[in-house]
Amino acid sequence: MLFKSHSGSTTNSKMENTTSELAPPSTQVKWTLKNPFPLVLETIIIYHMFFVTIFFKMFKVFLPELKKSVKGKVVLITGSGRGLGRELALRFANLGAKVACVDVDNTSNEETVKLIESNVKGAKAKAYTVNVAIVSETTALVKKVEHDLGSVEILINNAAVIVGHTFVGAEDHTISAIININLLGNFWMIRAFLPGMLKRNSGHIVAISSISSLNGEANLSAYTASKCGVNGMMESLREELRDHSHNKIHTTVVIPRLINTSADYMKSINSRLPPLTVESAAKATVQGILTNEVTFTIPRSSYFSNILQKLFPVNISDSIKNIFYVKILLPSQKDENSQPNMTIIKSTTVTT
C-alpha cells in the first residue's frame, strides 16, 4: 500500500531505494571458509599451547606470584564510602598508593578518607562526591583527580546498588536507575579515564561484578542484568585493547559471591552458605589486581561449580540451586524506602 503525496513520484522513489537497501543479500554470493589451511595450522598451535599453559600453571602453584607495585600510583575506587569499596581503599593505601575515593554519599566517603589518614601513616587520599550515573560528573572528575593526585593508574568500578524486586512489581524508575548506576556508570567512568591511559599506554581497569552474573536469582532481575552487562562490556573492552599493538592496559573482572557488606544489606538475603567477609573479598580482589588477572571469582571454586551446574540436565541444575539457595527477601514498603540504596536510586535522574 502506497501513501498519497503531492510529490508522489519522489516518495515512491525513496521507498524503492529503501526497499533495495533492506533487501536480503544476493543468493549469488556464496560464503566460504576463509583461509582454511592456516586455520588448521592455528588450531594445532592452540592445541599445543593449551598443554604448555597447563604445565606452567601447575608449576606456578609452587612459586610465589609476581605482584606489581602500586606505590605512588593513583588508584581510584568508586563506591568507596562503605563495604568492599572502603576496604579496598584502605588496602591500597597500605600498599603506598594515592587513593581517590569516589562515592555519591559525601559523609561516608569522607569517613573513609579519615580512616585511611588515621590508620596509614603518610597516606594520601582524597574524597570526591560523584554520582557515576551522571556523565557530566564523571567527565569533570578527571581533571579534579589529576590536579589533586595525578593520572589514574588503576580504575576500580565498584559502585553499585542492589534492591530486591519482582519482575513486574518494581517501578520503572527503579529498574532504570539500577541499570544506569551499575552498568552505565562503568561506561561513563571508563570513557572518562581511558583516553588518558591510551595516551600513556599504561593503566588498569577493574570491574567488580557479581556471581549473579553467572547464575541469576529470583527477585534480582535488574541487578543481575546490570552485572551480566558489566561482564560483556569488559570482555569487549579487552578485545578492543588487544587490537592495539603493544597494548599495556590491563583489564580485570572480579566476580565475588555474596559479601556481608552491612546489616541492612544482609537482612534482605537468606543464604544457605555463609557470605564472604568484606576483608576476605578485598584481599582476594587486591591479589587479583596486582597479578593482572583477567577474570576470577571469589572464591575460585565458584567459577567451576557454576559451569558444572550448567552442564547438568535442567532438573538436576534446579535441584542444586534449591540445595545451595540464595533467597532475596522482598522488603516492606516502609523498609524499602529507608534503605540507603533506595535513597541513591531515587536521587538518580533517569531519562526516559
# chains A, B, ... in the order shown; residues from 1 in each chain; ligands from 1

$ closest_atom_pairs --of "region 244-290 of chain A" --to "region 325-328 of chain A" --cutoff "9 Å" --atoms "only C-alpha atoms" --output "JSON lines"
{"residue": "A:Leu258", "atom": "CA", "partner": "A:Val326", "partner_atom": "CA", "distance": 8.9}
{"residue": "A:Ser268", "atom": "CA", "partner": "A:Ile328", "partner_atom": "CA", "distance": 6.1}
{"residue": "A:Ile269", "atom": "CA", "partner": "A:Ile328", "partner_atom": "CA", "distance": 4.8}
{"residue": "A:Asn270", "atom": "CA", "partner": "A:Lys327", "partner_atom": "CA", "distance": 4.9}
{"residue": "A:Ser271", "atom": "CA", "partner": "A:Val326", "partner_atom": "CA", "distance": 4.3}
{"residue": "A:Arg272", "atom": "CA", "partner": "A:Tyr325", "partner_atom": "CA", "distance": 5.7}
{"residue": "A:Leu273", "atom": "CA", "partner": "A:Tyr325", "partner_atom": "CA", "distance": 7.9}

$ write_last_selection --atoms "N, CA, C and O atoms" --output "PDB file, in the first residue's frame"
ATOM      1  N   LEU A 258      28.245 -13.734  47.371  1.00  0.00           N
ATOM      2  CA  LEU A 258      27.592 -12.846  48.320  1.00  0.00           C
ATOM      3  C   LEU A 258      28.576 -12.344  49.383  1.00  0.00           C
ATOM      4  O   LEU A 258      29.284 -13.126  50.006  1.00  0.00           O
ATOM      5  N   SER A 268      18.002  -8.640  54.060  1.00  0.00           N
ATOM      6  CA  SER A 268      17.130  -8.902  52.916  1.00  0.00           C
ATOM      7  C   SER A 268      17.552 -10.149  52.145  1.00  0.00           C
ATOM      8  O   SER A 268      17.024 -10.424  51.069  1.00  0.00           O
ATOM      9  N   ILE A 269      18.538 -10.888  52.686  1.00  0.00           N
ATOM     10  CA  ILE A 269      19.064 -12.057  51.974  1.00  0.00           C
ATOM     11  C   ILE A 269      19.100 -13.267  52.898  1.00  0.00           C
ATOM     12  O   ILE A 269      19.558 -13.179  54.040  1.00  0.00           O
ATOM     13  N   ASN A 270      18.622 -14.389  52.394  1.00  0.00           N
ATOM     14  CA  ASN A 270      18.668 -15.655  53.114  1.00  0.00           C
ATOM     15  C   ASN A 270      19.513 -16.627  52.295  1.00  0.00           C
ATOM     16  O   ASN A 270      19.101 -17.051  51.214  1.00  0.00           O
ATOM     17  N   SER A 271      20.698 -16.943  52.784  1.00  0.00           N
ATOM     18  CA  SER A 271      21.630 -17.788  52.047  1.00  0.00           C
ATOM     19  C   SER A 271      22.034 -19.003  52.876  1.00  0.00           C
ATOM     20  O   SER A 271      22.340 -18.867  54.067  1.00  0.00           O
ATOM     21  N   ARG A 272      22.037 -20.176  52.252  1.00  0.00           N
ATOM     22  CA  ARG A 272      22.459 -21.384  52.974  1.00  0.00           C
ATOM     23  C   ARG A 272      23.947 -21.333  53.281  1.00  0.00           C
ATOM     24  O   ARG A 272      24.380 -21.642  54.376  1.00  0.00           O
ATOM     25  N   LEU A 273      24.747 -20.931  52.282  1.00  0.00           N
ATOM     26  CA  LEU A 273      26.191 -20.816  52.503  1.00  0.00           C
ATOM     27  C   LEU A 273      26.493 -19.479  53.176  1.00  0.00           C
ATOM     28  O   LEU A 273      25.844 -18.474  52.888  1.00  0.00           O
TER      29      LEU A 273
END

$ closest_atom_pairs --of "region 205-275 of chain A" --to "region 72-76 of chain A" --cutoff "12 Å" --atoms "only C-alpha atoms" --output "JSON lines"
{"residue": "A:Ile205", "atom": "CA", "partner": "A:Leu76", "partner_atom": "CA", "distance": 9.9}
{"residue": "A:Val206", "atom": "CA", "partner": "A:Leu76", "partner_atom": "CA", "distance": 10.1}
{"residue": "A:Ala207", "atom": "CA", "partner": "A:Leu76", "partner_atom": "CA", "distance": 11.9}

$ write_last_selection --atoms "all heavy atoms" --output "PDB file, in the first residue's frame"
ATOM      1  N   ILE A 205      42.013  -1.276  34.318  1.00  0.00           N
ATOM      2  CA  ILE A 205      40.587  -1.046  34.539  1.00  0.00           C
ATOM      3  C   ILE A 205      39.983  -2.283  35.179  1.00  0.00           C
ATOM      4  O   ILE A 205      40.108  -3.390  34.655  1.00  0.00           O
ATOM      5  CB  ILE A 205      39.860  -0.721  33.221  1.00  0.00           C
ATOM      6  CG1 ILE A 205      40.432   0.573  32.624  1.00  0.00           C
ATOM      7  CG2 ILE A 205      38.354  -0.587  33.445  1.00  0.00           C
ATOM      8  CD1 ILE A 205      39.953   0.857  31.226  1.00  0.00           C
ATOM      9  N   VAL A 206      39.341  -2.086  36.324  1.00  0.00           N
ATOM     10  CA  VAL A 206      38.789  -3.200  37.103  1.00  0.00           C
ATOM     11  C   VAL A 206      37.290  -3.005  37.267  1.00  0.00           C
ATOM     12  O   VAL A 206      36.823  -1.908  37.566  1.00  0.00           O
ATOM     13  CB  VAL A 206      39.451  -3.283  38.501  1.00  0.00           C
ATOM     14  CG1 VAL A 206      38.898  -4.473  39.283  1.00  0.00           C
ATOM     15  CG2 VAL A 206      40.966  -3.355  38.370  1.00  0.00           C
ATOM     16  N   ALA A 207      36.535  -4.071  37.073  1.00  0.00           N
ATOM     17  CA  ALA A 207      35.088  -4.040  37.303  1.00  0.00           C
ATOM     18  C   ALA A 207      34.738  -5.071  38.366  1.00  0.00           C
ATOM     19  O   ALA A 207      35.142  -6.230  38.271  1.00  0.00           O
ATOM     20  CB  ALA A 207      34.325  -4.341  36.014  1.00  0.00           C
TER      21      ALA A 207
END

$ residues_around --residues "Val104 (chain A)" --least-positions-apart "4" --cutoff "12 Å" --atoms "only C-alpha atoms" --output "ChimeraX atom specification"
/A:78-82,108-110,127-134,137-138,159-161,181,185,340-341,343-345,347-348

$ closest_residue --among "A:Leu237, A:Gly85, A:Ala123, A:Ala222" --to "Ile156 (chain A)" --atoms "only C-alpha atoms"
A:Gly85

$ atom_distance --atom1 "CA of Val70 (chain A)" --atom2 "CA of Gly288 (chain A)"
13.3 Å

$ closest_residue --among "A:Ile316, A:Ile298, A:Ile208, A:Ile323" --to "Leu88 (chain A)" --atoms "only C-alpha atoms"
A:Ile208

$ atom_distance --atom1 "CA of Leu308 (chain A)" --atom2 "CA of Thr166 (chain A)"
27.9 Å

$ decode --residues "region 146-162 of chain A" --atoms "all heavy atoms" --output "PDB file, in the first residue's frame"
ATOM      1  N   GLU A 146      43.383  14.471  38.573  1.00  0.00           N
ATOM      2  CA  GLU A 146      44.720  14.728  38.021  1.00  0.00           C
ATOM      3  C   GLU A 146      45.378  15.919  38.713  1.00  0.00           C
ATOM      4  O   GLU A 146      46.584  15.906  38.966  1.00  0.00           O
ATOM      5  CB  GLU A 146      44.630  14.961  36.510  1.00  0.00           C
ATOM      6  CG  GLU A 146      44.342  13.683  35.719  1.00  0.00           C
ATOM      7  CD  GLU A 146      44.293  13.933  34.219  1.00  0.00           C
ATOM      8  OE1 GLU A 146      44.272  15.114  33.815  1.00  0.00           O
ATOM      9  OE2 GLU A 146      44.267  12.944  33.465  1.00  0.00           O
ATOM     10  N   HIS A 147      44.588  16.938  39.017  1.00  0.00           N
ATOM     11  CA  HIS A 147      45.128  18.118  39.701  1.00  0.00           C
ATOM     12  C   HIS A 147      45.543  17.806  41.135  1.00  0.00           C
ATOM     13  O   HIS A 147      46.599  18.249  41.601  1.00  0.00           O
ATOM     14  CB  HIS A 147      44.074  19.234  39.705  1.00  0.00           C
ATOM     15  CG  HIS A 147      44.499  20.465  40.450  1.00  0.00           C
ATOM     16  ND1 HIS A 147      44.219  20.657  41.804  1.00  0.00           N
ATOM     17  CD2 HIS A 147      45.209  21.569  40.063  1.00  0.00           C
ATOM     18  CE1 HIS A 147      44.723  21.793  42.193  1.00  0.00           C
ATOM     19  NE2 HIS A 147      45.329  22.376  41.162  1.00  0.00           N
ATOM     20  N   ASP A 148      44.736  16.995  41.826  1.00  0.00           N
ATOM     21  CA  ASP A 148      44.988  16.713  43.240  1.00  0.00           C
ATOM     22  C   ASP A 148      46.014  15.608  43.465  1.00  0.00           C
ATOM     23  O   ASP A 148      46.868  15.709  44.353  1.00  0.00           O
ATOM     24  CB  ASP A 148      43.683  16.314  43.942  1.00  0.00           C
ATOM     25  CG  ASP A 148      42.656  17.437  43.943  1.00  0.00           C
ATOM     26  OD1 ASP A 148      43.055  18.612  43.868  1.00  0.00           O
ATOM     27  OD2 ASP A 148      41.453  17.125  44.013  1.00  0.00           O
ATOM     28  N   LEU A 149      45.927  14.540  42.654  1.00  0.00           N
ATOM     29  CA  LEU A 149      46.736  13.345  42.924  1.00  0.00           C
ATOM     30  C   LEU A 149      47.622  12.923  41.754  1.00  0.00           C
ATOM     31  O   LEU A 149      48.669  12.313  41.952  1.00  0.00           O
ATOM     32  CB  LEU A 149      45.817  12.167  43.294  1.00  0.00           C
ATOM     33  CG  LEU A 149      44.898  12.373  44.504  1.00  0.00           C
ATOM     34  CD1 LEU A 149      43.936  11.186  44.638  1.00  0.00           C
ATOM     35  CD2 LEU A 149      45.714  12.523  45.784  1.00  0.00           C
ATOM     36  N   GLY A 150      47.189  13.208  40.534  1.00  0.00           N
ATOM     37  CA  GLY A 150      47.924  12.751  39.360  1.00  0.00           C
ATOM     38  C   GLY A 150      47.048  11.874  38.480  1.00  0.00           C
ATOM     39  O   GLY A 150      45.849  11.681  38.743  1.00  0.00           O
ATOM     40  N   SER A 151      47.642  11.338  37.433  1.00  0.00           N
ATOM     41  CA  SER A 151      46.908  10.491  36.486  1.00  0.00           C
ATOM     42  C   SER A 151      46.512   9.165  37.140  1.00  0.00           C
ATOM     43  O   SER A 151      47.316   8.553  37.857  1.00  0.00           O
ATOM     44  CB  SER A 151      47.757  10.217  35.242  1.00  0.00           C
ATOM     45  OG  SER A 151      48.064  11.434  34.577  1.00  0.00           O
ATOM     46  N   VAL A 152      45.305   8.725  36.875  1.00  0.00           N
ATOM     47  CA  VAL A 152      44.813   7.477  37.457  1.00  0.00           C
ATOM     48  C   VAL A 152      45.449   6.278  36.761  1.00  0.00           C
ATOM     49  O   VAL A 152      45.352   6.132  35.542  1.00  0.00           O
ATOM     50  CB  VAL A 152      43.268   7.390  37.354  1.00  0.00           C
ATOM     51  CG1 VAL A 152      42.778   6.014  37.771  1.00  0.00           C
ATOM     52  CG2 VAL A 152      42.621   8.472  38.208  1.00  0.00           C
ATOM     53  N   GLU A 153      46.106   5.425  37.545  1.00  0.00           N
ATOM     54  CA  GLU A 153      46.735   4.215  37.013  1.00  0.00           C
ATOM     55  C   GLU A 153      45.791   3.027  37.103  1.00  0.00           C
ATOM     56  O   GLU A 153      45.741   2.207  36.194  1.00  0.00           O
ATOM     57  CB  GLU A 153      48.022   3.919  37.783  1.00  0.00           C
ATOM     58  CG  GLU A 153      48.778   2.689  37.295  1.00  0.00           C
ATOM     59  CD  GLU A 153      49.341   2.853  35.880  1.00  0.00           C
ATOM     60  OE1 GLU A 153      49.459   3.997  35.405  1.00  0.00           O
ATOM     61  OE2 GLU A 153      49.672   1.827  35.266  1.00  0.00           O
ATOM     62  N   ILE A 154      45.039   2.933  38.208  1.00  0.00           N
ATOM     63  CA  ILE A 154      44.100   1.815  38.380  1.00  0.00           C
ATOM     64  C   ILE A 154      42.720   2.394  38.673  1.00  0.00           C
ATOM     65  O   ILE A 154      42.524   3.131  39.640  1.00  0.00           O
ATOM     66  CB  ILE A 154      44.523   0.882  39.525  1.00  0.00           C
ATOM     67  CG1 ILE A 154      45.913   0.297  39.259  1.00  0.00           C
ATOM     68  CG2 ILE A 154      43.512  -0.251  39.691  1.00  0.00           C
ATOM     69  CD1 ILE A 154      46.435  -0.613  40.373  1.00  0.00           C
ATOM     70  N   LEU A 155      41.769   2.050  37.813  1.00  0.00           N
ATOM     71  CA  LEU A 155      40.381   2.474  37.982  1.00  0.00           C
ATOM     72  C   LEU A 155      39.556   1.263  38.415  1.00  0.00           C
ATOM     73  O   LEU A 155      39.478   0.270  37.685  1.00  0.00           O
ATOM     74  CB  LEU A 155      39.834   3.025  36.665  1.00  0.00           C
ATOM     75  CG  LEU A 155      38.322   3.252  36.571  1.00  0.00           C
ATOM     76  CD1 LEU A 155      37.868   4.295  37.578  1.00  0.00           C
ATOM     77  CD2 LEU A 155      37.926   3.659  35.153  1.00  0.00           C
ATOM     78  N   ILE A 156      38.973   1.338  39.595  1.00  0.00           N
ATOM     79  CA  ILE A 156      38.170   0.219  40.111  1.00  0.00           C
ATOM     80  C   ILE A 156      36.707   0.652  40.171  1.00  0.00           C
ATOM     81  O   ILE A 156      36.311   1.460  41.014  1.00  0.00           O
ATOM     82  CB  ILE A 156      38.652  -0.218  41.510  1.00  0.00           C
ATOM     83  CG1 ILE A 156      40.137  -0.589  41.466  1.00  0.00           C
ATOM     84  CG2 ILE A 156      37.819  -1.401  42.011  1.00  0.00           C
ATOM     85  CD1 ILE A 156      40.723  -0.965  42.827  1.00  0.00           C
ATOM     86  N   ASN A 157      35.908   0.125  39.262  1.00  0.00           N
ATOM     87  CA  ASN A 157      34.478   0.425  39.218  1.00  0.00           C
ATOM     88  C   ASN A 157      33.747  -0.534  40.153  1.00  0.00           C
ATOM     89  O   ASN A 157      33.416  -1.664  39.793  1.00  0.00           O
ATOM     90  CB  ASN A 157      33.952   0.287  37.788  1.00  0.00           C
ATOM     91  CG  ASN A 157      34.350   1.475  36.929  1.00  0.00           C
ATOM     92  OD1 ASN A 157      34.252   2.620  37.350  1.00  0.00           O
ATOM     93  ND2 ASN A 157      34.807   1.208  35.718  1.00  0.00           N
ATOM     94  N   ASN A 158      33.503  -0.050  41.358  1.00  0.00           N
ATOM     95  CA  ASN A 158      32.886  -0.868  42.398  1.00  0.00           C
ATOM     96  C   ASN A 158      31.476  -0.395  42.750  1.00  0.00           C
ATOM     97  O   ASN A 158      30.663  -1.174  43.249  1.00  0.00           O
ATOM     98  CB  ASN A 158      33.776  -0.833  43.650  1.00  0.00           C
ATOM     99  CG  ASN A 158      33.087  -1.387  44.874  1.00  0.00           C
ATOM    100  OD1 ASN A 158      32.851  -2.581  44.993  1.00  0.00           O
ATOM    101  ND2 ASN A 158      32.740  -0.495  45.801  1.00  0.00           N
ATOM    102  N   ALA A 159      31.165   0.869  42.468  1.00  0.00           N
ATOM    103  CA  ALA A 159      29.870   1.438  42.854  1.00  0.00           C
ATOM    104  C   ALA A 159      28.703   0.669  42.231  1.00  0.00           C
ATOM    105  O   ALA A 159      28.692   0.410  41.024  1.00  0.00           O
ATOM    106  CB  ALA A 159      29.798   2.910  42.433  1.00  0.00           C
ATOM    107  N   ALA A 160      27.752   0.298  43.068  1.00  0.00           N
ATOM    108  CA  ALA A 160      26.570  -0.429  42.587  1.00  0.00           C
ATOM    109  C   ALA A 160      25.480  -0.365  43.641  1.00  0.00           C
ATOM    110  O   ALA A 160      25.765  -0.163  44.832  1.00  0.00           O
ATOM    111  CB  ALA A 160      26.909  -1.887  42.274  1.00  0.00           C
ATOM    112  N   VAL A 161      24.247  -0.511  43.201  1.00  0.00           N
ATOM    113  CA  VAL A 161      23.111  -0.591  44.123  1.00  0.00           C
ATOM    114  C   VAL A 161      22.385  -1.908  43.873  1.00  0.00           C
ATOM    115  O   VAL A 161      22.334  -2.401  42.753  1.00  0.00           O
ATOM    116  CB  VAL A 161      22.141   0.593  43.950  1.00  0.00           C
ATOM    117  CG1 VAL A 161      22.771   1.877  44.427  1.00  0.00           C
ATOM    118  CG2 VAL A 161      21.679   0.725  42.496  1.00  0.00           C
ATOM    119  N   ILE A 162      21.849  -2.472  44.943  1.00  0.00           N
ATOM    120  CA  ILE A 162      21.106  -3.728  44.837  1.00  0.00           C
ATOM    121  C   ILE A 162      19.818  -3.598  45.646  1.00  0.00           C
ATOM    122  O   ILE A 162      19.851  -3.221  46.817  1.00  0.00           O
ATOM    123  CB  ILE A 162      21.959  -4.930  45.327  1.00  0.00           C
ATOM    124  CG1 ILE A 162      21.152  -6.235  45.244  1.00  0.00           C
ATOM    125  CG2 ILE A 162      22.506  -4.704  46.720  1.00  0.00           C
ATOM    126  CD1 ILE A 162      21.993  -7.482  45.490  1.00  0.00           C
TER     127      ILE A 162
END
